[in-house]
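Some notes on the structure that comes next.
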Amino acid sequence: MKKLLLGIFVLLTGGFAGAQVRFVDAGELTLIGKALPTEHPYHRIDTAVYKGFTPTENQQIRCSAGLAIVFRTNTSRLDLFPHYSSFVYRGGSTPRVASEGFDLYIRQDGEWLYAASRDSGKRGKSFTLISGMDTSEKECLLYLPNYSELLSLQIGVDEGASITPLENPFRHKIVIFGSSFTHGVSTSRAGMSYPMQIERNTGLYFCSIACSGNCKLQPYFADYLGDVKDADAMVFDGFSNPDAKMIRERLIPFIARIREKLPTTPLIFVQTIYRESCNFNLAVRAREEAKQAAAREMMAQAMREFDGIYFIDKANLTGTDHATSADGTHPSDLGYWRWAQNLQPELLKVLRKCGIR
């Protein structure tokens, strides 16, 4: 009898709690971070329009890395009800809260302050991202999962609370194309990739076309990037994935292909970082050093042949103490934080030269 009464109590209180939250489609709010429109709201590239991608690339560009929802609300809690495709990320050094979860920031005194991060725990169910807040109006920035294909998203607020779209809080439009580093592999949560950290730090608007392991200066990516006519600048983490031979063969044609469509857009290339796997593995060290040397050689040629090309070749972006690796290749959160801190002033210098502040 006690068990029966307890079961009835749980059902009743669960129903009562559920009645206190109303859900709205995130599509009614403001989605930011996308370079070009897509038919599917949470895909980064429309794969029905742009062709040539490998199956892996096709899957990656349907993931929502770098996309975010911005909105105002006076709710005391936020619930989320995501629906995903069947794709599940299996990377060993990236926790599920980054690959499949959500990362919330709230603006306080003009700065974006971390509020909460969580994954659903079990797909097909809603969950509470944060609760116990006051009911003042808040400006919210909700980063979507780094490595999942999101089909739909419902956002839940208190029954009597308001939730309305927020105008994009970031300025200019900077498209960034890159490797797993730019994608945010091995970060603890979705908003910790270095472009997203620089975005919050500076107020500059980044649109990420990161493709983990597959940023190899391919011509079909150049074709896509060339169609982003309203980009104020483009940044490339373009030397992390291709080997030295690829860099020498592909860089000039890649730039030329973009320049056919975008003759004046600033194109800013960044040298790849030191990988901690180089510490004792001589073969890896030789390969990475060859890539960096090829990047320097070909960027010198590119800057002679084209206008508006820039190269940031800064050593030790993740520090010099060898304490920031997650798996020998990707940085930890500390490494990504240092990357953002060290790259940001160099990037701002170049952008100022281009009239972007």
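So you can find residues: chains in the structure tokens are A, B, ... in the order shown, residues in each start at 1, and ligands are numbered from 1 in order.
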### Message
If you run DSSP on the backbone here, which positions in stretch 32-228 of chain A get alpha helix (DSSP H)? Please write them as number ranges by chain.
### Response
A: 55-60, 96-99, 180-183, 194-202, 219-226
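Using only C-alpha atoms, the contacts of A:Ile309 at a cut-off of 8 Å, with sequence neighbours closer than 4 positions omitted, comprise Pro266, Leu267, Ile268, Phe269, Ala302 and Met303 of chain A.
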Let's have the selection written as a PDB file, in the first residue's frame, with N, CA and C atoms.
```pdb
ATOM      1  N   PRO A 266      39.685  39.851 -46.761  1.00  0.00           N
ATOM      2  CA  PRO A 266      40.918  39.445 -46.084  1.00  0.00           C
ATOM      3  C   PRO A 266      40.895  37.952 -45.746  1.00  0.00           C
ATOM      4  N   LEU A 267      41.976  37.250 -46.097  1.00  0.00           N
ATOM      5  CA  LEU A 267      42.120  35.829 -45.809  1.00  0.00           C
ATOM      6  C   LEU A 267      43.312  35.674 -44.873  1.00  0.00           C
ATOM      7  N   ILE A 268      43.043  35.217 -43.649  1.00  0.00           N
ATOM      8  CA  ILE A 268      44.049  35.177 -42.594  1.00  0.00           C
ATOM      9  C   ILE A 268      44.347  33.720 -42.240  1.00  0.00           C
ATOM     10  N   PHE A 269      45.555  33.274 -42.516  1.00  0.00           N
ATOM     11  CA  PHE A 269      45.958  31.898 -42.226  1.00  0.00           C
ATOM     12  C   PHE A 269      46.782  31.864 -40.935  1.00  0.00           C
ATOM     13  N   ALA A 302      52.182  32.857 -51.380  1.00  0.00           N
ATOM     14  CA  ALA A 302      50.797  33.339 -51.490  1.00  0.00           C
ATOM     15  C   ALA A 302      50.718  34.842 -51.279  1.00  0.00           C
ATOM     16  N   MET A 303      51.467  35.352 -50.318  1.00  0.00           N
ATOM     17  CA  MET A 303      51.427  36.796 -50.048  1.00  0.00           C
ATOM     18  C   MET A 303      52.096  37.605 -51.148  1.00  0.00           C
TER      19      MET A 303
END
```
### Query
Mind checking DSSP for stretch 9-192 of chain A and telling me the strand (DSSP E or B) residues as an NGL selection string?
:A and (21-25 or 30-32 or 68-73 or 78-84 or 102-108 or 111-118 or 127-130 or 138-143 or 150-158 or 163-165 or 171-178)
Residues of the last selection are to be written out with C-alpha atoms, as a PDB file, in the first residue's frame.
```pdb
ATOM      1  CA  VAL A  21       7.199  24.555 -17.763  1.00  0.00           C
ATOM      2  CA  ARG A  22       6.135  25.585 -21.239  1.00  0.00           C
ATOM      3  CA  PHE A  23       8.255  24.750 -24.267  1.00  0.00           C
ATOM      4  CA  VAL A  24       8.899  26.883 -27.327  1.00  0.00           C
ATOM      5  CA  ASP A  25      10.580  25.848 -30.550  1.00  0.00           C
ATOM      6  CA  THR A  30      17.677  33.775 -33.021  1.00  0.00           C
ATOM      7  CA  LEU A  31      20.170  31.267 -34.399  1.00  0.00           C
ATOM      8  CA  ILE A  32      23.718  32.576 -34.905  1.00  0.00           C
ATOM      9  CA  ALA A  68      24.142  29.128 -30.828  1.00  0.00           C
ATOM     10  CA  ILE A  69      20.669  30.345 -29.868  1.00  0.00           C
ATOM     11  CA  VAL A  70      20.388  33.845 -28.381  1.00  0.00           C
ATOM     12  CA  PHE A  71      17.298  35.021 -26.522  1.00  0.00           C
ATOM     13  CA  ARG A  72      15.888  37.063 -23.639  1.00  0.00           C
ATOM     14  CA  THR A  73      13.938  35.509 -20.800  1.00  0.00           C
ATOM     15  CA  LEU A  78      15.674  26.532 -18.456  1.00  0.00           C
ATOM     16  CA  ASP A  79      14.755  23.098 -19.725  1.00  0.00           C
ATOM     17  CA  LEU A  80      15.800  21.602 -23.049  1.00  0.00           C
ATOM     18  CA  PHE A  81      14.206  18.923 -25.208  1.00  0.00           C
ATOM     19  CA  PRO A  82      16.593  18.056 -28.070  1.00  0.00           C
ATOM     20  CA  HIS A  83      16.060  15.499 -30.806  1.00  0.00           C
ATOM     21  CA  TYR A  84      19.106  14.041 -32.550  1.00  0.00           C
ATOM     22  CA  PHE A 102      24.589  22.422 -24.425  1.00  0.00           C
ATOM     23  CA  ASP A 103      26.596  25.303 -22.969  1.00  0.00           C
ATOM     24  CA  LEU A 104      24.790  28.349 -21.544  1.00  0.00           C
ATOM     25  CA  TYR A 105      26.180  31.839 -20.921  1.00  0.00           C
ATOM     26  CA  ILE A 106      24.284  34.840 -19.519  1.00  0.00           C
ATOM     27  CA  ARG A 107      25.378  38.436 -20.056  1.00  0.00           C
ATOM     28  CA  GLN A 108      26.279  40.185 -16.815  1.00  0.00           C
ATOM     29  CA  GLU A 111      30.362  40.169 -20.230  1.00  0.00           C
ATOM     30  CA  TRP A 112      29.256  36.627 -21.055  1.00  0.00           C
ATOM     31  CA  LEU A 113      29.367  34.658 -17.804  1.00  0.00           C
ATOM     32  CA  TYR A 114      29.195  30.853 -17.707  1.00  0.00           C
ATOM     33  CA  ALA A 115      25.827  29.662 -16.394  1.00  0.00           C
ATOM     34  CA  ALA A 116      25.447  25.925 -17.024  1.00  0.00           C
ATOM     35  CA  SER A 117      26.368  23.012 -19.266  1.00  0.00           C
ATOM     36  CA  ARG A 118      24.803  19.584 -19.513  1.00  0.00           C
ATOM     37  CA  PHE A 127      16.080  17.811 -18.972  1.00  0.00           C
ATOM     38  CA  THR A 128      16.682  20.845 -16.795  1.00  0.00           C
ATOM     39  CA  LEU A 129      19.785  22.780 -17.820  1.00  0.00           C
ATOM     40  CA  ILE A 130      19.625  25.299 -14.961  1.00  0.00           C
ATOM     41  CA  LYS A 138      18.435  37.766 -18.812  1.00  0.00           C
ATOM     42  CA  GLU A 139      20.261  37.794 -22.147  1.00  0.00           C
ATOM     43  CA  CYS A 140      21.194  34.205 -22.929  1.00  0.00           C
ATOM     44  CA  LEU A 141      23.735  32.619 -25.284  1.00  0.00           C
ATOM     45  CA  LEU A 142      23.190  28.872 -25.697  1.00  0.00           C
ATOM     46  CA  TYR A 143      25.857  26.997 -27.686  1.00  0.00           C
ATOM     47  CA  LEU A 150      20.515  18.151 -33.961  1.00  0.00           C
ATOM     48  CA  LEU A 151      17.131  17.605 -35.639  1.00  0.00           C
ATOM     49  CA  SER A 152      15.045  19.883 -33.412  1.00  0.00           C
ATOM     50  CA  LEU A 153      15.237  21.730 -30.118  1.00  0.00           C
ATOM     51  CA  GLN A 154      12.569  22.872 -27.686  1.00  0.00           C
ATOM     52  CA  ILE A 155      13.451  25.323 -24.889  1.00  0.00           C
ATOM     53  CA  GLY A 156      11.388  25.252 -21.696  1.00  0.00           C
ATOM     54  CA  VAL A 157      10.740  28.190 -19.364  1.00  0.00           C
ATOM     55  CA  ASP A 158       8.459  28.884 -16.398  1.00  0.00           C
ATOM     56  CA  ILE A 163      11.158  34.224 -23.884  1.00  0.00           C
ATOM     57  CA  THR A 164      11.868  36.347 -26.956  1.00  0.00           C
ATOM     58  CA  PRO A 165      14.511  36.509 -29.713  1.00  0.00           C
ATOM     59  CA  ARG A 171      29.537  42.412 -34.676  1.00  0.00           C
ATOM     60  CA  HIS A 172      31.080  41.904 -38.129  1.00  0.00           C
ATOM     61  CA  LYS A 173      31.153  38.425 -39.664  1.00  0.00           C
ATOM     62  CA  ILE A 174      34.309  36.331 -39.597  1.00  0.00           C
ATOM     63  CA  VAL A 175      34.173  32.865 -41.133  1.00  0.00           C
ATOM     64  CA  ILE A 176      36.672  30.400 -39.688  1.00  0.00           C
ATOM     65  CA  PHE A 177      37.577  27.150 -41.456  1.00  0.00           C
ATOM     66  CA  GLY A 178      39.641  24.593 -39.606  1.00  0.00           C
TER      67      GLY A 178
END
```
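The protein and nucleic acid residues lying at most 9 Å from A:Tyr336 are Phe181, Gly184, Thr187, Met192, Ser193, Tyr194, Gln197, Leu317, Thr318, Thr324, His330, Pro331, Ser332, Asp333, Trp339, Ala340 and Gln341 of chain A, with only C-alpha atoms considered and sequence neighbours fewer than 3 positions away removed.
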### Summary
In terms of only C-alpha atoms, the residue from A:Met299, A:Ile273, A:Ile198, A:Met133 at minimal distance from A:Asn316 is A:Ile273
Wanna dump the stretch 164-211 of chain A-stretch 50-57 of chain A contacts at 12 Å for me, each residue with its shortest atom pair and the distance in Å to one decimal, counting only C-alpha atoms, ordered by chain and number, as CSV?
```
residue,atom,partner,partner_atom,distance
A:Ser179,CA,A:Glu57,CA,11.4
A:Ser180,CA,A:Glu57,CA,11.9
A:Ile209,CA,A:Glu57,CA,10.9
A:Ala210,CA,A:Glu57,CA,9.9
A:Cys211,CA,A:Glu57,CA,6.7
```
Using only N, CA and C atoms, please write the residues we just selected to a file, as a PDB file, in the first residue's frame.
```
ATOM      1  N   SER A 179      40.377  22.640 -38.503  1.00  0.00           N
ATOM      2  CA  SER A 179      40.513  21.232 -38.169  1.00  0.00           C
ATOM      3  C   SER A 179      39.728  20.897 -36.902  1.00  0.00           C
ATOM      4  N   SER A 180      40.053  19.745 -36.310  1.00  0.00           N
ATOM      5  CA  SER A 180      39.431  19.367 -35.044  1.00  0.00           C
ATOM      6  C   SER A 180      39.736  20.377 -33.945  1.00  0.00           C
ATOM      7  N   ILE A 209      33.257  26.813 -39.760  1.00  0.00           N
ATOM      8  CA  ILE A 209      33.146  25.695 -40.707  1.00  0.00           C
ATOM      9  C   ILE A 209      34.301  24.747 -40.396  1.00  0.00           C
ATOM     10  N   ALA A 210      34.370  24.287 -39.156  1.00  0.00           N
ATOM     11  CA  ALA A 210      35.413  23.355 -38.744  1.00  0.00           C
ATOM     12  C   ALA A 210      35.002  21.942 -39.125  1.00  0.00           C
ATOM     13  N   CYS A 211      35.980  21.160 -39.541  1.00  0.00           N
ATOM     14  CA  CYS A 211      35.709  19.808 -40.022  1.00  0.00           C
ATOM     15  C   CYS A 211      36.841  18.914 -39.511  1.00  0.00           C
TER      16      CYS A 211
END
```
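The coordinates place atom CA of A:Ser76 at 5.7 Å from atom CA of A:Gly132.
Take the candidates A:Ala48, A:Ala244, A:Leu334, A:Val97 and check each one against A:Glu288 using only C-alpha atoms; the shortest distance goes to A:Ala244.
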### Query
What does the distance between atom CA of A:Pro41 and atom CA of A:Gln59 come to in Å, to one decimal place?
14.9 Å
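Nearest residue to A:Leu347 among A:Gln20, A:Gln60, A:Thr182, A:Thr202 is A:Thr202, counting only C-alpha atoms.
Pairwise distance (atom CA of A:Ser240, atom CA of A:Ala293) equals 12.3 Å.
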### All residues 12 Å or closer to A:Cys63, only C-alpha atoms, same chain fewer than 6 positions away omitted, as an NGL selection string
:A and (34 or 40-47 or 56-57 or 84-85 or 87-89 or 99-100 or 144-151 or 183 or 190 or 208-212)
Those selected residues, please, written with C-alpha atoms and delivered as a PDB file, in the first residue's frame.
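What landed in out.pdb:
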```pdb
ATOM      1  CA  LYS A  34      25.960  29.979 -39.627  1.00  0.00           C
ATOM      2  CA  HIS A  40      17.790  22.396 -42.133  1.00  0.00           C
ATOM      3  CA  PRO A  41      18.151  24.895 -39.279  1.00  0.00           C
ATOM      4  CA  TYR A  42      20.992  23.158 -37.418  1.00  0.00           C
ATOM      5  CA  HIS A  43      23.191  22.085 -40.335  1.00  0.00           C
ATOM      6  CA  ARG A  44      26.206  24.299 -41.014  1.00  0.00           C
ATOM      7  CA  ILE A  45      26.337  23.616 -44.767  1.00  0.00           C
ATOM      8  CA  ASP A  46      23.405  22.647 -46.970  1.00  0.00           C
ATOM      9  CA  THR A  47      24.523  19.273 -48.317  1.00  0.00           C
ATOM     10  CA  THR A  56      32.552  11.709 -42.990  1.00  0.00           C
ATOM     11  CA  GLU A  57      32.737  15.366 -44.033  1.00  0.00           C
ATOM     12  CA  TYR A  84      19.106  14.041 -32.550  1.00  0.00           C
ATOM     13  CA  SER A  85      19.798  11.900 -35.575  1.00  0.00           C
ATOM     14  CA  PHE A  87      24.709   9.536 -35.334  1.00  0.00           C
ATOM     15  CA  VAL A  88      26.706   9.192 -32.090  1.00  0.00           C
ATOM     16  CA  TYR A  89      30.216  10.614 -31.716  1.00  0.00           C
ATOM     17  CA  SER A  99      29.798  16.402 -28.152  1.00  0.00           C
ATOM     18  CA  GLU A 100      26.095  16.092 -27.335  1.00  0.00           C
ATOM     19  CA  LEU A 144      24.627  23.847 -29.434  1.00  0.00           C
ATOM     20  CA  PRO A 145      26.436  20.472 -29.369  1.00  0.00           C
ATOM     21  CA  ASN A 146      29.854  20.272 -30.993  1.00  0.00           C
ATOM     22  CA  TYR A 147      29.586  16.843 -32.501  1.00  0.00           C
ATOM     23  CA  SER A 148      25.936  15.809 -32.884  1.00  0.00           C
ATOM     24  CA  GLU A 149      23.364  16.289 -35.605  1.00  0.00           C
ATOM     25  CA  LEU A 150      20.515  18.151 -33.961  1.00  0.00           C
ATOM     26  CA  LEU A 151      17.131  17.605 -35.639  1.00  0.00           C
ATOM     27  CA  HIS A 183      35.902  22.141 -34.139  1.00  0.00           C
ATOM     28  CA  ALA A 190      30.585  23.390 -26.567  1.00  0.00           C
ATOM     29  CA  SER A 208      32.714  28.063 -37.784  1.00  0.00           C
ATOM     30  CA  ILE A 209      33.146  25.695 -40.707  1.00  0.00           C
ATOM     31  CA  ALA A 210      35.413  23.355 -38.744  1.00  0.00           C
ATOM     32  CA  CYS A 211      35.709  19.808 -40.022  1.00  0.00           C
ATOM     33  CA  SER A 212      37.651  17.534 -37.683  1.00  0.00           C
TER      34      SER A 212
END
```
## Note on the structure
Residue with the minimum atom-to-atom distance to A:Leu351, picked from A:Ala326, A:Leu204, A:Leu251, A:Val228 with only C-alpha atoms counted, is A:Leu204
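In terms of minimum interatomic distance to A:Val185, A:Asp327 ranks closest within A:Glu39, A:Glu167, A:Asp327, A:Asp119, counting only C-alpha atoms.
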### Message
Show me, as a ChimeraX atom specification, the residues that have an atom within 12 Å of A:Tyr310 when counting only C-alpha atoms, minus same-chain residues fewer than 2 positions from it.
### Response
/A:233-236,255,265-271,296,298-308,312-313,346-347,349-351,353-354
